[in-house]
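Student: Once you've had a glance at the structure underneath, I'll fire off some questions.
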Amino acid sequence: MVPLGADLERFAYPAPVHWFEANSQGYSVRMAFLDWPATAKPNGTTIVLLHGKNFCAATWGDTARGLAAAGYRVITPDQIGFCKSSKPSGYQYSFHAMAALTAALLDRAGTGKVVLVGHSTGGILATRFALLYPERVAKLVLVNPLGLNDTLSEGVPYTDLGKLRAEEAKTDAASIKAYQLRNYYHGVWRPAYDRWVAMLAGQYASPDGDAVRDAQARLSDMIQTQPVAAELPRLAVPTTLIIGQRDLTAFRANSVPEDRRARIRTVPQAAEEAVKRIPGASLIRLDDLGHSPQVEAPAKFLQTLRSAITP
């Protein structure tokens with residue numbers, strides 16, 4: 001696997017990379033982000049796309065280009081701890097901190113009120129952002145989000161940071177592909193997905209890959225301990241869930257004995273209950289797609305997203 005650097009220094013993004021610098025928890029950090037201007041007549045709306053744990057701002061490329069061509073301004077950040085952004089040693093990752101940094105980035109970018117789209121782990125962040133800053137969110141769209149159920153309460157054992165680091169030490173291109181093939185793409189692999197495996201594995205394979213492994217372990221701890229399930233009834237913004245129904249993702253369910261694994265709800269299962277608990281929410285089911293509809297079927301996903309956000 002080609003080493004790409006802990007901050008993906010040698011991985012090309014589909015648009016110019018901008019930088020937002022800030023202080024967080026006493027650390028000087030910087031966040032990479034892509035800022036796509038409208039390529040058709042601007043409609044005055046900014047859409048913010050938030051990536052998941054095994055994704056980066058770059059994986060939103062097809063979606064961002066399509067939205068820009070429809071007149072939207074599109075901003076896609078790399079969250080702290082991920083991809084091209086800072087990974088400070090010892091940083092305490094939380095969705096509250098990420099939401100605050102994202103809000104400050106959007107202030108700097110002068111976006112005003114936005115349509116907020118969060119995928120996977122980015123769905124937890126988008127929900128947290130909407131809970132903290134409802135006045136800044138015109139619409140919330142959650143794409144196969146994690147956090148709709150509390151997997152620890154459903155029986156997933158808590159895994160401490162040391163064990164998470166040990167697991168990250170074993171991560172490579174083969175393990176990334178095997179996980180995504182089963183959970184994300186329902187057993188069907190396409191050559192287009194190889195780029196995203198190379199992106200992730202290239203971080204781990206770098207001489208400074210230990211910084212990536214530590215950040216990823218801390219981020220997994222954040223995901224397992226900070227679901228938003230209990231707070232869904234407090235959401236006060238128009239919310240749509242777009243759910244690929246063939247998604248098998250259930251965070252860390254593989255750590256549960258197989259005979260008890262069925263108790264851990266997958267993302268589509270959790271979404272069926274969650275939509276009833278979010279005031280006024282709607283659910284769009286994509287029957288033939290998995291965890292990453294924007295990667296698996298870019299054109300269909302774009303059409304679905306546009307229908308969800310169009311007044």
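Chain lettering (A, B, ...) mirrors the order of the structure tokens, residue numbering begins at 1 for each chain separately, and ligand numbering begins at 1 in order of display.
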Extract the full set of helix (DSSP H, G or I) residues from range 8-80 of chain A according to DSSP on the backbone, and format it as a ChimeraX atom specification.

Tutor: /A:57-69

Student: Next, write the just-selected residues to a file, as a CSV table (one decimal), in the first residue's frame, keeping all heavy atoms as the atom set.

Tutor:
chain,number,residue,atom,x,y,z
A,57,ALA,N,-13.6,14.4,3.3
A,57,ALA,CA,-14.3,15.4,2.5
A,57,ALA,C,-14.3,15.0,1.0
A,57,ALA,O,-15.3,15.2,0.3
A,57,ALA,CB,-13.7,16.7,2.7
A,58,ALA,N,-13.2,14.3,0.6
A,58,ALA,CA,-13.1,14.0,-0.8
A,58,ALA,C,-14.2,13.0,-1.3
A,58,ALA,O,-14.6,13.0,-2.5
A,58,ALA,CB,-11.7,13.4,-1.0
A,59,THR,N,-14.7,12.2,-0.4
A,59,THR,CA,-15.7,11.2,-0.8
A,59,THR,C,-17.0,11.8,-1.1
A,59,THR,O,-17.9,11.1,-1.7
A,59,THR,CB,-15.8,10.1,0.3
A,59,THR,OG1,-16.1,10.7,1.5
A,59,THR,CG2,-14.6,9.2,0.3
A,60,TRP,N,-17.2,13.1,-0.8
A,60,TRP,CA,-18.4,13.8,-1.2
A,60,TRP,C,-18.3,14.4,-2.6
A,60,TRP,O,-19.2,15.2,-3.0
A,60,TRP,CB,-18.7,14.9,-0.2
A,60,TRP,CG,-19.3,14.5,1.1
A,60,TRP,CD1,-18.7,14.6,2.3
A,60,TRP,CD2,-20.6,14.0,1.4
A,60,TRP,NE1,-19.5,14.2,3.3
A,60,TRP,CE2,-20.7,13.8,2.8
A,60,TRP,CE3,-21.7,13.6,0.5
A,60,TRP,CZ2,-21.9,13.3,3.4
A,60,TRP,CZ3,-22.8,13.1,1.1
A,60,TRP,CH2,-22.9,13.0,2.5
A,61,GLY,N,-17.2,14.1,-3.3
A,61,GLY,CA,-17.0,14.8,-4.6
A,61,GLY,C,-18.1,14.8,-5.6
A,61,GLY,O,-18.5,15.9,-6.1
A,62,ASP,N,-18.7,13.7,-5.9
A,62,ASP,CA,-19.8,13.6,-6.8
A,62,ASP,C,-21.0,14.4,-6.4
A,62,ASP,O,-21.6,15.1,-7.1
A,62,ASP,CB,-20.2,12.1,-7.1
A,62,ASP,CG,-19.1,11.4,-7.9
A,62,ASP,OD1,-18.4,12.0,-8.7
A,62,ASP,OD2,-19.0,10.1,-7.7
A,63,THR,N,-21.3,14.2,-5.1
A,63,THR,CA,-22.5,14.9,-4.5
A,63,THR,C,-22.2,16.5,-4.6
A,63,THR,O,-23.1,17.2,-5.0
A,63,THR,CB,-22.7,14.5,-3.1
A,63,THR,OG1,-22.9,13.1,-3.0
A,63,THR,CG2,-23.9,15.2,-2.5
A,64,ALA,N,-21.0,16.9,-4.2
A,64,ALA,CA,-20.8,18.3,-4.2
A,64,ALA,C,-20.8,18.9,-5.6
A,64,ALA,O,-21.4,20.0,-5.7
A,64,ALA,CB,-19.4,18.6,-3.5
A,65,ARG,N,-20.2,18.3,-6.5
A,65,ARG,CA,-20.3,18.8,-7.9
A,65,ARG,C,-21.7,18.9,-8.4
A,65,ARG,O,-22.1,19.9,-9.0
A,65,ARG,CB,-19.5,17.9,-8.8
A,65,ARG,CG,-18.0,18.2,-8.8
A,65,ARG,CD,-17.3,17.4,-9.9
A,65,ARG,NE,-17.2,16.0,-9.6
A,65,ARG,CZ,-16.2,15.4,-8.9
A,65,ARG,NH1,-15.2,16.1,-8.5
A,65,ARG,NH2,-16.3,14.1,-8.7
A,66,GLY,N,-22.5,17.9,-8.1
A,66,GLY,CA,-23.9,17.9,-8.5
A,66,GLY,C,-24.7,19.0,-7.9
A,66,GLY,O,-25.5,19.6,-8.5
A,67,LEU,N,-24.5,19.2,-6.6
A,67,LEU,CA,-25.2,20.3,-5.9
A,67,LEU,C,-24.7,21.7,-6.4
A,67,LEU,O,-25.6,22.6,-6.6
A,67,LEU,CB,-25.0,20.2,-4.4
A,67,LEU,CG,-25.6,19.0,-3.7
A,67,LEU,CD1,-25.1,18.9,-2.3
A,67,LEU,CD2,-27.1,19.1,-3.8
A,68,ALA,N,-23.4,21.8,-6.7
A,68,ALA,CA,-22.9,23.1,-7.2
A,68,ALA,C,-23.5,23.4,-8.5
A,68,ALA,O,-23.9,24.5,-8.9
A,68,ALA,CB,-21.4,23.0,-7.3
A,69,ALA,N,-23.7,22.3,-9.3
A,69,ALA,CA,-24.3,22.5,-10.7
A,69,ALA,C,-25.8,22.9,-10.6
A,69,ALA,O,-26.4,23.3,-11.6
A,69,ALA,CB,-24.2,21.2,-11.5

Student: Name the residues in contact with Gln180 in chain A at a cut-off of 9 Å, using only C-alpha atoms, excluding same-chain residues fewer than 5 positions from it; report them as an NGL selection string.

Tutor: :A and (175 or 185-187 or 189 or 197 or 291)

Student: Restricting the calculation to only C-alpha atoms: of A:Pro233, A:Pro157, A:Gly118, A:Pro145, which residue gets closest to Val48 in chain A?

Tutor: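 That would be A:Gly118, the residue with the smallest distance to Val48 in chain A.
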
Student: Determine, counting only C-alpha atoms, which protein, DNA and RNA residues have an atom within 12 Å of an atom of range 252-256 of chain A; residues of the same chain fewer than 2 positions away are not included. Present the result as number ranges by chain.

Tutor: A: 146, 150-159, 163-164, 167, 179, 182-183, 220-221, 223-225, 248-250, 258-267

Student: Save out the residues we just selected, N, CA and C atoms, as a tab-separated table (two decimals), in the first residue's frame.

Tutor:
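See out00.tsv below for the written result:
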chain	number	residue	atom	x	y	z
A	146	LEU	N	-24.95	6.88	12.25
A	146	LEU	CA	-24.77	6.15	13.49
A	146	LEU	C	-25.44	6.96	14.61
A	150	ASP	N	-28.32	3.39	21.07
A	150	ASP	CA	-27.19	3.29	22.00
A	150	ASP	C	-26.74	1.84	22.01
A	151	THR	N	-25.69	1.54	21.26
A	151	THR	CA	-25.27	0.14	21.11
A	151	THR	C	-24.73	-0.44	22.42
A	152	LEU	N	-24.17	0.38	23.29
A	152	LEU	CA	-23.72	-0.13	24.59
A	152	LEU	C	-24.91	-0.65	25.40
A	153	SER	N	-26.01	0.07	25.37
A	153	SER	CA	-27.19	-0.36	26.13
A	153	SER	C	-27.83	-1.59	25.50
A	154	GLU	N	-27.56	-1.81	24.20
A	154	GLU	CA	-28.11	-2.99	23.53
A	154	GLU	C	-27.25	-4.23	23.71
A	155	GLY	N	-26.08	-4.06	24.34
A	155	GLY	CA	-25.28	-5.24	24.64
A	155	GLY	C	-23.87	-5.25	24.11
A	156	VAL	N	-23.46	-4.22	23.36
A	156	VAL	CA	-22.08	-4.15	22.90
A	156	VAL	C	-21.19	-3.80	24.11
A	157	PRO	N	-20.17	-4.59	24.39
A	157	PRO	CA	-19.33	-4.29	25.55
A	157	PRO	C	-18.47	-3.06	25.30
A	158	TYR	N	-18.30	-2.25	26.34
A	158	TYR	CA	-17.41	-1.10	26.22
A	158	TYR	C	-15.98	-1.59	25.96
A	159	THR	N	-15.31	-0.96	25.01
A	159	THR	CA	-13.93	-1.31	24.68
A	159	THR	C	-13.04	-0.14	25.05
A	163	LYS	N	-7.44	-1.32	24.09
A	163	LYS	CA	-7.90	-2.37	23.17
A	163	LYS	C	-8.22	-1.79	21.80
A	164	LEU	N	-8.78	-0.58	21.79
A	164	LEU	CA	-9.07	0.05	20.50
A	164	LEU	C	-7.78	0.33	19.74
A	167	GLU	N	-6.55	-2.86	18.19
A	167	GLU	CA	-7.31	-3.19	16.98
A	167	GLU	C	-6.84	-2.35	15.80
A	179	TYR	N	-14.26	-5.30	5.60
A	179	TYR	CA	-15.32	-4.70	6.42
A	179	TYR	C	-16.32	-3.96	5.54
A	182	ARG	N	-18.62	-6.26	3.28
A	182	ARG	CA	-19.72	-6.92	3.98
A	182	ARG	C	-20.77	-5.93	4.47
A	183	ASN	N	-20.32	-4.89	5.14
A	183	ASN	CA	-21.26	-4.00	5.84
A	183	ASN	C	-21.81	-2.87	4.97
A	220	SER	N	-13.20	6.17	17.84
A	220	SER	CA	-14.10	5.04	18.10
A	220	SER	C	-14.66	5.12	19.51
A	221	ASP	N	-13.83	5.52	20.46
A	221	ASP	CA	-14.32	5.68	21.83
A	221	ASP	C	-15.40	6.76	21.89
A	223	ILE	N	-17.45	7.59	19.47
A	223	ILE	CA	-18.68	7.09	18.83
A	223	ILE	C	-19.43	6.15	19.77
A	224	GLN	N	-18.67	5.26	20.45
A	224	GLN	CA	-19.37	4.28	21.28
A	224	GLN	C	-19.99	4.90	22.53
A	225	THR	N	-19.44	6.03	22.99
A	225	THR	CA	-19.92	6.61	24.25
A	225	THR	C	-20.79	7.85	24.08
A	248	LEU	N	-25.57	-3.07	6.75
A	248	LEU	CA	-25.46	-3.99	7.88
A	248	LEU	C	-24.71	-3.37	9.06
A	249	THR	N	-24.38	-2.09	8.96
A	249	THR	CA	-23.58	-1.45	10.00
A	249	THR	C	-24.32	-1.43	11.33
A	250	ALA	N	-23.65	-1.93	12.35
A	250	ALA	CA	-24.09	-1.83	13.75
A	250	ALA	C	-22.79	-1.66	14.53
A	258	GLU	N	-21.83	-14.16	18.52
A	258	GLU	CA	-22.73	-14.22	17.37
A	258	GLU	C	-24.17	-14.54	17.75
A	259	ASP	N	-24.36	-15.35	18.79
A	259	ASP	CA	-25.72	-15.72	19.16
A	259	ASP	C	-26.50	-14.57	19.79
A	260	ARG	N	-25.79	-13.49	20.17
A	260	ARG	CA	-26.47	-12.32	20.76
A	260	ARG	C	-26.39	-11.09	19.85
A	261	ARG	N	-25.80	-11.25	18.70
A	261	ARG	CA	-25.55	-10.10	17.83
A	261	ARG	C	-26.83	-9.50	17.27
A	262	ALA	N	-27.87	-10.29	17.13
A	262	ALA	CA	-29.11	-9.79	16.54
A	262	ALA	C	-29.77	-8.73	17.41
A	263	ARG	N	-29.38	-8.63	18.68
A	263	ARG	CA	-29.96	-7.62	19.56
A	263	ARG	C	-29.44	-6.22	19.23
A	264	ILE	N	-28.31	-6.17	18.55
A	264	ILE	CA	-27.71	-4.86	18.20
A	264	ILE	C	-28.31	-4.40	16.89
A	265	ARG	N	-29.06	-3.33	16.93
A	265	ARG	CA	-29.76	-2.90	15.73
A	265	ARG	C	-28.81	-2.32	14.69
A	266	THR	N	-29.05	-2.65	13.45
A	266	THR	CA	-28.34	-2.04	12.34
A	266	THR	C	-28.86	-0.62	12.12
A	267	VAL	N	-28.17	0.13	11.29
A	267	VAL	CA	-28.61	1.51	11.01
A	267	VAL	C	-30.04	1.55	10.47

Student: May I have the residues within 7 Å of range 199-202 of chain A as a list in words, using only C-alpha atoms and disregarding those fewer than 3 positions away in the same chain?

Tutor: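 Answer for this query is Met1, Val2, Pro3, Leu4, Gly5, Asp172, Ala173, Arg195, Trp196, Ala205 and Ser206 of chain A.
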
Student: For the residues selected in the previous step, produce a file with C-alpha atoms as an mmCIF file, in the first residue's frame.

Tutor:
data_model
loop_
_atom_site.group_PDB
_atom_site.id
_atom_site.type_symbol
_atom_site.label_atom_id
_atom_site.label_comp_id
_atom_site.auth_asym_id
_atom_site.auth_seq_id
_atom_site.Cartn_x
_atom_site.Cartn_y
_atom_site.Cartn_z
ATOM 1 C CA MET A 1 0.000 0.000 0.000
ATOM 2 C CA VAL A 2 1.332 3.440 -0.971
ATOM 3 C CA PRO A 3 1.992 5.626 2.122
ATOM 4 C CA LEU A 4 0.026 8.857 1.769
ATOM 5 C CA GLY A 5 0.977 10.615 5.021
ATOM 6 C CA ASP A 172 -4.711 -2.482 6.699
ATOM 7 C CA ALA A 173 -6.107 -2.357 3.169
ATOM 8 C CA ARG A 195 -9.638 4.651 -4.280
ATOM 9 C CA TRP A 196 -11.282 5.087 -0.902
ATOM 10 C CA ALA A 205 0.862 2.754 6.115
ATOM 11 C CA SER A 206 2.718 6.051 6.535
#

Student: Quick one: of A:Ile80, A:Ala104, A:Val188, A:Ala217, who's nearest to Lys170 in chain A, counting only C-alpha atoms?

Tutor: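 Ranked by minimum distance to Lys170 in chain A, first place goes to A:Ala217.
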
Student: Fewer than 2 positions away in the same chain doesn't count, so skip those; otherwise give me all residues within 7 Å of range 135-144 of chain A, counting only C-alpha atoms, as a list of chain:residue names.

Tutor: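 Those residues are A:Gly112, A:Lys113, A:Val114, A:Val115, A:Leu116, A:Val117, A:Gly118, A:His119, A:Ser120, A:Gly123, A:Ala130, A:Tyr133, A:Leu146, A:Val237, A:Pro238, A:Thr239, A:Thr240, A:Leu241, A:Ile242, A:Ile243, A:Gly244, A:Val267, A:His291.
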
Student: Name all residues at most 6 Å from Gly147 in chain A (count only C-alpha atoms; drop same-chain ones fewer than 6 positions away) and give them as JSON, numbers by chain.

Tutor: {"A": [124, 227, 228, 229]}

Student: Store the residues picked out above in a file with C-alpha atoms, as a JSON list (two decimals), in the first residue's frame.

Tutor:
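Full text of out.json as output:
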[["chain", "number", "residue", "atom", "x", "y", "z"],
["A", 124, "ILE", "CA", -24.08, 12.02, 14.90],
["A", 227, "PRO", "CA", -24.78, 8.48, 20.77],
["A", 228, "VAL", "CA", -27.57, 10.98, 20.26],
["A", 229, "ALA", "CA", -30.44, 8.49, 20.56]]

Student: Pick the closest to Leu50 in chain A from A:Thr121, A:Ser94, A:Gln294, A:Ser89: which is it, counting only C-alpha atoms?

Tutor: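 Going through A:Thr121, A:Ser94, A:Gln294, A:Ser89 one by one, the smallest distance to Leu50 in chain A is for A:Thr121.
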
Student: Select, from A:Ala174, A:Leu181, A:Cys83, A:Ile278, the residue with the minimum atom-to-atom distance to Tyr193 in chain A, counting only C-alpha atoms.

Tutor: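 Using only C-alpha atoms, the shortest distance to Tyr193 in chain A belongs to A:Leu181.
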
Student: As an exercise, work out the distance from CA of Thr310 in chain A to CA of Ala126 in chain A in Å and give it to one decimal place.

Tutor: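 For CA of Thr310 in chain A relative to CA of Ala126 in chain A, the distance reads 18.8 Å.
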